[in-house]
>>> print(open('input_38.txt').read())   # compact mmCIF, C-alpha atoms
# COMPACT_ATOMS: atom_id res chain seq x y z
CA MET A 1251 -35.66 -94.00 82.40
CA LYS A 1252 -38.23 -92.86 79.85
CA LYS A 1253 -38.43 -89.43 81.51
CA LEU A 1254 -34.66 -88.99 81.36
CA SER A 1255 -34.50 -89.91 77.67
CA ALA A 1256 -37.30 -87.46 76.93
CA ARG A 1257 -35.36 -84.61 78.54
CA ARG A 1258 -32.14 -85.39 76.64
CA ARG A 1259 -31.18 -82.42 74.41
CA HIS A 1260 -31.02 -82.62 70.66
CA PRO A 1261 -27.38 -82.88 69.32
CA LEU A 1262 -27.72 -79.54 67.43
CA ALA A 1263 -29.02 -77.65 70.46
CA ALA A 1264 -25.51 -76.62 71.56
CA VAL A 1265 -24.73 -75.28 68.08
CA VAL A 1266 -27.92 -73.19 68.04
CA VAL A 1267 -27.12 -71.76 71.48
CA LEU A 1268 -23.57 -70.85 70.35
CA LEU A 1269 -24.82 -69.07 67.21
CA LEU A 1270 -27.32 -67.10 69.26
CA ALA A 1271 -24.57 -66.08 71.67
CA LEU A 1272 -22.29 -64.99 68.83
CA ALA A 1273 -25.07 -62.96 67.25
CA ALA A 1274 -25.83 -61.28 70.56
CA THR A 1275 -22.20 -60.28 71.18
CA GLY A 1276 -21.29 -59.32 67.64
CA GLY A 1277 -19.10 -62.38 67.18
CA LEU A 1278 -21.15 -63.56 64.20
CA TYR A 1279 -20.50 -60.23 62.46
CA ALA A 1280 -16.82 -60.45 63.28
CA ALA A 1281 -16.67 -63.92 61.76
CA PHE A 1282 -18.01 -62.69 58.42
CA ALA A 1283 -16.66 -59.10 58.46
CA PRO A 1284 -13.19 -59.81 57.00
CA ALA A 1285 -14.67 -61.11 53.76
CA SER A 1286 -16.93 -58.05 53.48
CA LYS A 1287 -14.00 -55.71 54.16
CA ALA A 1288 -11.89 -57.43 51.54
CA GLN A 1289 -14.69 -57.05 49.02
CA ALA A 1290 -15.04 -53.36 49.92
CA ASP A 1291 -11.29 -52.80 49.49
CA GLU A 1292 -11.32 -54.59 46.16
CA THR A 1293 -14.25 -52.47 44.98
CA ALA A 1294 -12.52 -49.24 46.07
CA GLN A 1295 -9.35 -50.30 44.27
CA SER A 1296 -11.29 -51.10 41.11
CA LEU A 1297 -12.95 -47.69 41.21
CA ALA A 1298 -9.58 -45.99 41.71
CA ILE A 1299 -8.15 -47.85 38.71
CA GLU A 1300 -11.15 -46.89 36.59
CA GLU A 1301 -10.89 -43.21 37.52
CA GLY A 1302 -7.14 -43.32 37.03
CA LYS A 1303 -7.60 -44.73 33.55
CA LYS A 1304 -9.79 -41.75 32.65
CA LEU A 1305 -7.18 -39.30 33.92
CA TYR A 1306 -4.47 -41.22 32.08
CA SER A 1307 -6.37 -41.08 28.79
CA VAL A 1308 -6.59 -37.28 29.00
CA GLY A 1309 -3.16 -36.35 30.38
CA CYS A 1310 -0.74 -39.18 29.63
CA ALA A 1311 -1.84 -41.40 26.72
CA SER A 1312 -0.64 -39.02 24.00
CA CYS A 1313 2.99 -39.65 25.00
CA HIS A 1314 2.95 -43.01 26.80
CA GLY A 1315 0.40 -44.82 24.62
CA THR A 1316 -3.20 -45.77 25.28
CA GLY A 1317 -2.17 -48.84 27.26
CA GLY A 1318 1.03 -47.48 28.78
CA GLN A 1319 3.14 -49.36 26.23
CA GLY A 1320 5.15 -46.24 25.38
CA THR A 1321 5.72 -44.31 22.15
CA THR A 1322 8.51 -42.36 20.51
CA ASP A 1323 7.52 -39.43 22.75
CA GLY A 1324 7.47 -41.29 26.06
CA PRO A 1325 8.74 -44.52 27.66
CA SER A 1326 6.64 -47.54 28.60
CA LEU A 1327 4.95 -47.36 32.00
CA VAL A 1328 4.43 -51.09 32.34
CA GLY A 1329 6.16 -52.16 35.55
CA VAL A 1330 7.20 -48.70 36.79
CA GLY A 1331 4.85 -49.05 39.76
CA SER A 1332 2.82 -46.55 41.76
CA ALA A 1333 5.93 -44.98 43.35
CA ALA A 1334 7.16 -43.69 39.98
CA VAL A 1335 3.80 -42.08 39.24
CA ASP A 1336 3.57 -40.50 42.67
CA PHE A 1337 7.07 -39.03 42.25
CA GLN A 1338 6.78 -37.79 38.67
CA VAL A 1339 3.25 -36.37 38.95
CA GLY A 1340 3.57 -35.34 42.60
CA THR A 1341 6.59 -33.14 41.82
CA GLY A 1342 4.96 -31.62 38.71
CA ARG A 1343 7.46 -33.19 36.32
CA MET A 1344 4.60 -34.97 34.61
CA PRO A 1345 2.73 -34.21 32.47
CA ALA A 1346 5.73 -32.67 30.69
CA GLN A 1347 5.30 -29.24 29.12
CA GLN A 1348 7.79 -29.77 26.30
CA PRO A 1349 10.57 -32.17 25.28
CA GLY A 1350 14.09 -31.42 26.46
CA ALA A 1351 17.27 -32.84 27.90
CA GLN A 1352 15.53 -33.19 31.25
CA VAL A 1353 12.02 -32.64 32.56
CA PRO A 1354 12.13 -29.96 35.29
CA LYS A 1355 10.14 -29.80 38.50
CA LYS A 1356 7.16 -27.46 38.24
CA LYS A 1357 3.77 -26.68 39.78
CA VAL A 1358 1.63 -29.76 40.46
CA ILE A 1359 -1.63 -29.76 38.49
CA TYR A 1360 -3.29 -32.83 40.04
CA SER A 1361 -4.67 -33.29 43.54
CA GLN A 1362 -3.21 -36.06 45.70
CA ALA A 1363 -6.43 -38.06 45.25
CA GLN A 1364 -6.05 -37.86 41.47
CA ILE A 1365 -2.37 -38.80 41.71
CA ASP A 1366 -3.35 -41.87 43.77
CA GLN A 1367 -5.87 -42.85 41.09
CA LEU A 1368 -3.31 -42.45 38.31
CA ALA A 1369 -0.83 -44.47 40.35
CA ALA A 1370 -3.41 -47.22 40.88
CA TYR A 1371 -4.06 -47.48 37.14
CA VAL A 1372 -0.38 -47.56 36.16
CA ALA A 1373 0.34 -50.09 38.91
CA SER A 1374 -2.36 -52.33 37.42
CA LEU A 1375 -0.36 -52.49 34.15
CA GLY A 1376 2.48 -54.40 35.81
CA ALA A 1377 4.11 -54.92 39.21
CA GLY A 1378 6.61 -52.28 40.29
CA PRO A 1379 7.81 -50.21 43.28
CA ILE A 1380 4.95 -49.30 45.63
CA THR A 1381 4.34 -45.82 47.02
CA PRO A 1382 5.94 -45.77 50.51
CA THR A 1383 3.95 -45.25 53.68
CA LYS A 1384 4.43 -42.34 56.10
CA LYS A 1385 6.20 -44.70 58.48
CA GLN A 1386 8.72 -45.72 55.81
CA VAL A 1387 9.74 -42.14 55.02
CA ASN A 1388 9.65 -40.74 58.55
CA PRO A 1389 13.25 -39.77 59.46
CA ALA A 1390 12.54 -39.66 63.19
CA GLY A 1391 15.14 -41.71 65.03
CA ALA A 1392 17.26 -42.26 61.90
CA ASP A 1393 21.08 -42.19 62.02
CA ILE A 1394 22.06 -38.84 60.46
CA ALA A 1395 25.78 -39.60 60.51
CA LYS A 1396 25.24 -42.93 58.76
CA GLY A 1397 22.96 -41.17 56.28
CA GLY A 1398 25.72 -38.68 55.50
CA GLU A 1399 28.16 -41.52 54.87
CA LEU A 1400 25.69 -43.27 52.56
CA PHE A 1401 24.89 -40.03 50.77
CA ARG A 1402 28.53 -39.17 50.13
CA THR A 1403 29.14 -42.68 48.80
CA ASN A 1404 26.08 -43.01 46.55
CA CYS A 1405 24.68 -39.54 45.82
CA ALA A 1406 27.25 -36.76 46.23
CA GLN A 1407 28.85 -37.36 42.83
CA CYS A 1408 25.77 -35.78 41.22
CA HIS A 1409 23.88 -33.93 43.96
CA ASN A 1410 27.08 -32.60 45.64
CA PHE A 1411 27.96 -33.17 49.29
CA THR A 1412 25.09 -31.13 50.72
CA GLY A 1413 22.43 -32.11 48.20
CA GLU A 1414 22.28 -28.74 46.46
CA GLY A 1415 22.46 -30.28 43.00
CA GLY A 1416 24.97 -30.07 40.20
CA ALA A 1417 25.45 -30.05 36.44
CA LEU A 1418 25.67 -33.22 34.35
CA THR A 1419 26.42 -33.78 30.68
CA ASP A 1420 24.33 -32.83 27.62
CA GLY A 1421 22.26 -30.20 29.39
CA LYS A 1422 21.17 -32.52 32.20
CA TYR A 1423 21.52 -31.82 35.90
CA ALA A 1424 21.03 -33.32 39.34
CA PRO A 1425 18.33 -31.23 41.07
CA SER A 1426 18.65 -29.68 44.49
CA LEU A 1427 17.25 -31.77 47.34
CA GLU A 1428 16.67 -28.83 49.64
CA GLY A 1429 13.03 -28.69 50.76
CA VAL A 1430 12.03 -31.86 48.88
CA ASP A 1431 9.29 -33.96 50.49
CA PRO A 1432 10.83 -37.04 52.23
CA LYS A 1433 8.36 -39.25 50.34
CA HIS A 1434 9.66 -38.01 47.00
CA ILE A 1435 13.30 -38.56 48.04
CA TYR A 1436 12.40 -42.12 49.01
CA GLU A 1437 10.54 -42.68 45.74
CA ALA A 1438 13.45 -41.30 43.71
CA MET A 1439 15.73 -43.85 45.37
CA GLN A 1440 13.17 -46.57 44.66
CA THR A 1441 12.59 -45.78 41.00
CA GLY A 1442 15.67 -43.97 39.68
CA PRO A 1443 14.03 -41.14 37.71
CA GLN A 1444 15.69 -39.80 34.55
CA ASN A 1445 19.50 -40.01 34.97
CA MET A 1446 19.46 -41.36 38.51
CA PRO A 1447 20.16 -45.05 39.24
CA SER A 1448 17.58 -46.95 41.30
CA PHE A 1449 18.27 -48.28 44.78
CA PRO A 1450 15.70 -51.03 45.53
CA ASP A 1451 15.42 -52.48 49.02
CA SER A 1452 17.63 -55.38 47.95
CA THR A 1453 20.44 -52.86 47.31
CA MET A 1454 19.63 -50.19 49.89
CA PRO A 1455 17.32 -51.34 52.73
CA GLU A 1456 14.51 -49.17 54.02
CA GLN A 1457 16.46 -48.07 57.12
CA GLN A 1458 19.35 -46.77 55.02
CA LYS A 1459 16.93 -44.76 52.88
CA ARG A 1460 15.53 -43.19 56.05
CA ASP A 1461 19.08 -42.39 57.22
CA ILE A 1462 19.77 -40.58 53.93
CA ILE A 1463 16.50 -38.63 54.19
CA ALA A 1464 17.44 -37.57 57.73
CA TYR A 1465 20.86 -36.36 56.52
CA VAL A 1466 19.45 -34.42 53.57
CA GLN A 1467 16.86 -32.73 55.78
CA THR A 1468 19.48 -31.79 58.37
CA VAL A 1469 22.49 -30.70 56.33
CA ASN A 1470 20.78 -27.64 54.81
CA SER A 1471 18.59 -26.78 57.78
CA ASP A 1472 19.02 -24.41 60.71
CA GLN A 1473 20.31 -27.37 62.71
CA SER A 1474 23.48 -27.42 60.60
CA GLU A 1475 26.11 -24.82 61.54
CA ASN A 1476 28.48 -23.36 58.95
CA PRO A 1477 31.31 -21.53 60.77
CA GLY A 1478 33.17 -20.88 57.51
CA GLY A 1479 30.78 -18.17 56.32
CA LEU A 1480 29.35 -18.37 52.81
CA LYS A 1481 29.16 -22.03 51.80
CA LEU A 1482 29.20 -21.24 48.06
CA GLY A 1483 26.90 -24.10 47.14
CA GLY A 1484 28.71 -26.54 49.40
CA LEU A 1485 30.96 -27.54 46.51
CA GLY A 1486 34.14 -27.58 48.58
CA PRO A 1487 37.61 -26.07 48.13
CA VAL A 1488 37.41 -25.78 44.33
CA SER A 1489 34.55 -23.28 44.38
CA GLU A 1490 36.08 -21.48 47.35
CA GLY A 1491 39.44 -21.24 45.55
CA LEU A 1492 37.84 -19.91 42.38
CA PHE A 1493 35.94 -17.34 44.41
CA ALA A 1494 39.13 -16.18 46.10
CA TRP A 1495 41.04 -16.12 42.81
CA ILE A 1496 38.45 -14.24 40.77
CA PHE A 1497 37.13 -11.79 43.34
CA GLY A 1498 40.27 -11.54 45.44
CA LEU A 1499 42.58 -10.99 42.48
CA GLY A 1500 40.04 -8.62 40.93
CA ALA A 1501 39.97 -6.57 44.11
CA LEU A 1502 43.78 -6.40 44.19
CA ILE A 1503 43.89 -5.23 40.56
CA ALA A 1504 41.27 -2.57 41.24
CA LEU A 1505 43.23 -1.41 44.30
CA ALA A 1506 46.46 -1.23 42.26
CA VAL A 1507 44.76 0.86 39.58
CA TRP A 1508 43.33 3.20 42.20
CA VAL A 1509 46.72 3.64 43.89
CA ALA A 1510 48.42 4.29 40.55
CA ALA A 1511 45.84 6.91 39.66
CA HIS A 1512 46.43 8.78 42.91
CA THR A 1513 50.22 8.95 42.91
CA ALA A 1514 52.02 12.30 42.77
CA LYS A 1515 53.24 11.68 39.19
CA ALA A 1516 49.74 10.92 38.03
CA LYS A 1517 48.45 14.10 39.64
CA LYS A 1518 51.10 16.29 37.93
CA SER A 1519 50.25 14.92 34.51
>>> encode(input="input_38.txt", output="structure tokens")
Amino acid sequence: MKKLSARRRHPLAAVVVLLLALAATGGLYAAFAPASKAQADETAQSLAIEEGKKLYSVGCASCHGTGGQGTTDGPSLVGVGSAAVDFQVGTGRMPAQQPGAQVPKKKVIYSQAQIDQLAAYVASLGAGPITPTKKQVNPAGADIAKGGELFRTNCAQCHNFTGEGGALTDGKYAPSLEGVDPKHIYEAMQTGPQNMPSFPDSTMPEQQKRDIIAYVQTVNSDQSENPGGLKLGGLGPVSEGLFAWIFGLGALIALAVWVAAHTAKAKKS
């Protein structure tokens, strides 16, 4: 009996063996890795915010205020989210060159990495719409017909039926959507830039946004046939009627003048 009790293992022996096994197989690392990864992500985010703040101070603070609170020259950026920054800066609308009825799209002056840093800083000022992922904006498999229906109901009043843009009041306009990056179309629906209303996911779910993107990309592409000839901006029968009236009537008047000039009476005189 004494020999058996002497061979009995210590209660912690099983724990030691398990830890050794975990260390040998990488399990111990896996157990502690998530915390390390979270710390690394937090550090990277902090660095992005810090770099974004520097970029903001140089290119944005003069109009939007040193803390994004807004001034008489620019609105507050608190709560606009990273999606608004990615759209405005990623399309070259910001920084604005000069004040006007509407800020136009122009050449982008920041790299995507710098835009991400600016977006991280502005997002840290207050919660807002988040920059969408590639999966969210990918129109593959979307319902184009449904997208056309949604577009005509919610967007065509300003952007016209084929997304080629249109005039608004007081020198403003709805820009053309032809060739626009799907991400920027999605972000515009999220944030409602300038005169456009916003369509958050509570109003227009992600799938519907993807359907609209698929329609916009298709309607002005080579995949879309136009058997009627010149589409004249896709504005419909009004533009086509005006074209026929102005150019058609003008051609008839010119023909009448030519005929009158070549009559026998005209030749004698």
>>> axis_aligned_box(input="input_38.txt", around="stretch 1432-1437 of chain A", padding_each_side="3 Å", output="lines of an AutoDock Vina configuration file")
center_x = 10.8
center_y = -39.9
center_z = 49.0
size_x = 10.9
size_y = 11.6
size_z = 12.5
>>> closest_residue(input="input_38.txt", among="A:Gly1416, A:Gly1340, A:Gly1309, A:Gly1331", to="A:Thr1441", atoms="all atoms listed in the file")
A:Gly1331
>>> residues_around(input="input_38.txt", residues="A:Arg1343", least_positions_apart="6", cutoff="7 Å", atoms="all atoms listed in the file", output="PyMOL selection string")
chain A and resi 1353-1356
>>> write_last_selection(input="input_38.txt", atoms="C-alpha atoms", output="CSV table (one decimal), in the frame of the given file")
chain,number,residue,atom,x,y,z
A,1353,VAL,CA,12.0,-32.6,32.6
A,1354,PRO,CA,12.1,-30.0,35.3
A,1355,LYS,CA,10.1,-29.8,38.5
A,1356,LYS,CA,7.2,-27.5,38.2
>>> atom_distance(input="input_38.txt", atom1="atom CA of A:Lys1357", atom2="atom CA of A:Val1469")
25.3 Å
>>> atom_distance(input="input_38.txt", atom1="atom CA of A:Ser1326", atom2="atom CA of A:Cys1313")
9.4 Å
>>> atom_distance(input="input_38.txt", atom1="atom CA of A:Gly1320", atom2="atom CA of A:Val1335")
14.5 Å
>>> closest_residue(input="input_38.txt", among="A:Gln1347, A:Asn1388, A:Thr1293, A:Thr1513", to="A:Ala1464", atoms="only C-alpha atoms")
A:Asn1388
>>> residues_near_point(input="input_38.txt", point="(-1.6, -36.6, 31.8)", cutoff="9 Å", atoms="only C-alpha atoms", output="PyMOL selection string")
chain A and resi 1305-1313+1339+1344-1346+1368
>>> residues_around(input="input_38.txt", residues="A:Gly1391", least_positions_apart="2", cutoff="10 Å", atoms="all atoms listed in the file", output="JSON, numbers by chain")
{"A": [1388, 1389, 1393, 1394, 1460, 1461, 1464]}
>>> closest_residue(input="input_38.txt", among="A:Asn1445, A:Asn1470, A:Gln1440, A:Thr1383", to="A:Ser1426", atoms="only C-alpha atoms")
A:Asn1470
>>> closest_residue(input="input_38.txt", among="A:Ala1504, A:Leu1418, A:Ala1377, A:Ala1369", to="A:Gln1338", atoms="only C-alpha atoms")
A:Ala1369
>>> closest_residue(input="input_38.txt", among="A:Gln1467, A:Tyr1371, A:Ala1390, A:Ile1380", to="A:Thr1412", atoms="all atoms listed in the file")
A:Gln1467
>>> residues_around(input="input_38.txt", residues="A:Gly1429", least_positions_apart="2", cutoff="12 Å", atoms="all atoms listed in the file", output="list in words")
Thr1341, Gly1413, Glu1414, Pro1425, Ser1426, Leu1427, Asp1431, Pro1432, Lys1433, His1434, Ile1435, Ile1463, Val1466, Gln1467, Thr1468, Val1469, Asn1470 and Ser1471 of chain A
>>> build_atoms(input="input_38.txt", residues="stretch 1445-1456 of chain A", atoms="all heavy atoms", output="PDB file, in the coordinates of the input")
ATOM      1  N   ASN A1445      18.102 -39.569  35.017  1.00  0.00           N
ATOM      2  CA  ASN A1445      19.500 -40.010  34.970  1.00  0.00           C
ATOM      3  C   ASN A1445      19.941 -40.738  36.240  1.00  0.00           C
ATOM      4  O   ASN A1445      21.063 -41.242  36.301  1.00  0.00           O
ATOM      5  CB  ASN A1445      20.416 -38.805  34.768  1.00  0.00           C
ATOM      6  CG  ASN A1445      20.048 -38.006  33.538  1.00  0.00           C
ATOM      7  OD1 ASN A1445      20.218 -38.462  32.426  1.00  0.00           O
ATOM      8  ND2 ASN A1445      19.527 -36.803  33.747  1.00  0.00           N
ATOM      9  N   MET A1446      19.075 -40.796  37.222  1.00  0.00           N
ATOM     10  CA  MET A1446      19.460 -41.360  38.510  1.00  0.00           C
ATOM     11  C   MET A1446      19.332 -42.887  38.520  1.00  0.00           C
ATOM     12  O   MET A1446      18.354 -43.434  38.023  1.00  0.00           O
ATOM     13  CB  MET A1446      18.555 -40.760  39.603  1.00  0.00           C
ATOM     14  CG  MET A1446      18.849 -41.262  40.993  1.00  0.00           C
ATOM     15  SD  MET A1446      17.836 -40.374  42.202  1.00  0.00           S
ATOM     16  CE  MET A1446      18.100 -41.381  43.656  1.00  0.00           C
ATOM     17  N   PRO A1447      20.308 -43.602  39.088  1.00  0.00           N
ATOM     18  CA  PRO A1447      20.160 -45.050  39.240  1.00  0.00           C
ATOM     19  C   PRO A1447      19.148 -45.373  40.334  1.00  0.00           C
ATOM     20  O   PRO A1447      18.899 -44.548  41.214  1.00  0.00           O
ATOM     21  CB  PRO A1447      21.569 -45.515  39.643  1.00  0.00           C
ATOM     22  CG  PRO A1447      22.173 -44.319  40.297  1.00  0.00           C
ATOM     23  CD  PRO A1447      21.608 -43.122  39.582  1.00  0.00           C
ATOM     24  N   SER A1448      18.550 -46.549  40.276  1.00  0.00           N
ATOM     25  CA  SER A1448      17.580 -46.950  41.300  1.00  0.00           C
ATOM     26  C   SER A1448      18.279 -47.724  42.410  1.00  0.00           C
ATOM     27  O   SER A1448      19.282 -48.399  42.183  1.00  0.00           O
ATOM     28  CB  SER A1448      16.477 -47.808  40.681  1.00  0.00           C
ATOM     29  OG  SER A1448      17.017 -48.988  40.124  1.00  0.00           O
ATOM     30  N   PHE A1449      17.739 -47.590  43.613  1.00  0.00           N
ATOM     31  CA  PHE A1449      18.270 -48.280  44.780  1.00  0.00           C
ATOM     32  C   PHE A1449      17.129 -49.056  45.447  1.00  0.00           C
ATOM     33  O   PHE A1449      16.538 -48.587  46.430  1.00  0.00           O
ATOM     34  CB  PHE A1449      18.868 -47.288  45.774  1.00  0.00           C
ATOM     35  CG  PHE A1449      20.041 -46.516  45.232  1.00  0.00           C
ATOM     36  CD1 PHE A1449      19.859 -45.295  44.593  1.00  0.00           C
ATOM     37  CD2 PHE A1449      21.320 -47.020  45.346  1.00  0.00           C
ATOM     38  CE1 PHE A1449      20.937 -44.583  44.086  1.00  0.00           C
ATOM     39  CE2 PHE A1449      22.413 -46.316  44.848  1.00  0.00           C
ATOM     40  CZ  PHE A1449      22.220 -45.101  44.212  1.00  0.00           C
ATOM     41  N   PRO A1450      16.779 -50.233  44.922  1.00  0.00           N
ATOM     42  CA  PRO A1450      15.700 -51.030  45.530  1.00  0.00           C
ATOM     43  C   PRO A1450      16.105 -51.506  46.920  1.00  0.00           C
ATOM     44  O   PRO A1450      17.278 -51.400  47.317  1.00  0.00           O
ATOM     45  CB  PRO A1450      15.544 -52.200  44.554  1.00  0.00           C
ATOM     46  CG  PRO A1450      16.871 -52.309  43.877  1.00  0.00           C
ATOM     47  CD  PRO A1450      17.398 -50.907  43.768  1.00  0.00           C
ATOM     48  N   ASP A1451      15.145 -52.028  47.657  1.00  0.00           N
ATOM     49  CA  ASP A1451      15.420 -52.480  49.020  1.00  0.00           C
ATOM     50  C   ASP A1451      16.469 -53.580  49.068  1.00  0.00           C
ATOM     51  O   ASP A1451      17.148 -53.741  50.086  1.00  0.00           O
ATOM     52  CB  ASP A1451      14.122 -52.974  49.678  1.00  0.00           C
ATOM     53  CG  ASP A1451      13.170 -51.827  49.997  1.00  0.00           C
ATOM     54  OD1 ASP A1451      13.633 -50.670  49.983  1.00  0.00           O
ATOM     55  OD2 ASP A1451      11.989 -52.084  50.241  1.00  0.00           O
ATOM     56  N   SER A1452      16.611 -54.333  47.984  1.00  0.00           N
ATOM     57  CA  SER A1452      17.630 -55.380  47.950  1.00  0.00           C
ATOM     58  C   SER A1452      19.039 -54.793  47.903  1.00  0.00           C
ATOM     59  O   SER A1452      20.008 -55.420  48.317  1.00  0.00           O
ATOM     60  CB  SER A1452      17.418 -56.295  46.729  1.00  0.00           C
ATOM     61  OG  SER A1452      17.418 -55.523  45.531  1.00  0.00           O
ATOM     62  N   THR A1453      19.148 -53.556  47.392  1.00  0.00           N
ATOM     63  CA  THR A1453      20.440 -52.860  47.310  1.00  0.00           C
ATOM     64  C   THR A1453      20.633 -51.906  48.479  1.00  0.00           C
ATOM     65  O   THR A1453      21.716 -51.832  49.077  1.00  0.00           O
ATOM     66  CB  THR A1453      20.538 -52.071  45.996  1.00  0.00           C
ATOM     67  OG1 THR A1453      20.376 -52.969  44.895  1.00  0.00           O
ATOM     68  CG2 THR A1453      21.879 -51.362  45.882  1.00  0.00           C
ATOM     69  N   MET A1454      19.589 -51.161  48.795  1.00  0.00           N
ATOM     70  CA  MET A1454      19.630 -50.190  49.890  1.00  0.00           C
ATOM     71  C   MET A1454      18.378 -50.388  50.738  1.00  0.00           C
ATOM     72  O   MET A1454      17.293 -49.945  50.360  1.00  0.00           O
ATOM     73  CB  MET A1454      19.695 -48.766  49.348  1.00  0.00           C
ATOM     74  CG  MET A1454      19.783 -47.697  50.428  1.00  0.00           C
ATOM     75  SD  MET A1454      19.892 -46.032  49.714  1.00  0.00           S
ATOM     76  CE  MET A1454      21.577 -46.069  49.100  1.00  0.00           C
ATOM     77  N   PRO A1455      18.498 -51.057  51.875  1.00  0.00           N
ATOM     78  CA  PRO A1455      17.320 -51.340  52.730  1.00  0.00           C
ATOM     79  C   PRO A1455      16.595 -50.074  53.167  1.00  0.00           C
ATOM     80  O   PRO A1455      17.136 -48.960  53.116  1.00  0.00           O
ATOM     81  CB  PRO A1455      17.936 -52.071  53.932  1.00  0.00           C
ATOM     82  CG  PRO A1455      19.236 -52.613  53.432  1.00  0.00           C
ATOM     83  CD  PRO A1455      19.732 -51.625  52.421  1.00  0.00           C
ATOM     84  N   GLU A1456      15.378 -50.278  53.619  1.00  0.00           N
ATOM     85  CA  GLU A1456      14.510 -49.170  54.020  1.00  0.00           C
ATOM     86  C   GLU A1456      15.163 -48.273  55.070  1.00  0.00           C
ATOM     87  O   GLU A1456      15.078 -47.049  54.987  1.00  0.00           O
ATOM     88  CB  GLU A1456      13.202 -49.742  54.568  1.00  0.00           C
ATOM     89  CG  GLU A1456      12.213 -48.721  55.067  1.00  0.00           C
ATOM     90  CD  GLU A1456      10.958 -49.362  55.640  1.00  0.00           C
ATOM     91  OE1 GLU A1456      10.431 -50.309  55.014  1.00  0.00           O
ATOM     92  OE2 GLU A1456      10.523 -48.939  56.723  1.00  0.00           O
TER      93      GLU A1456
END
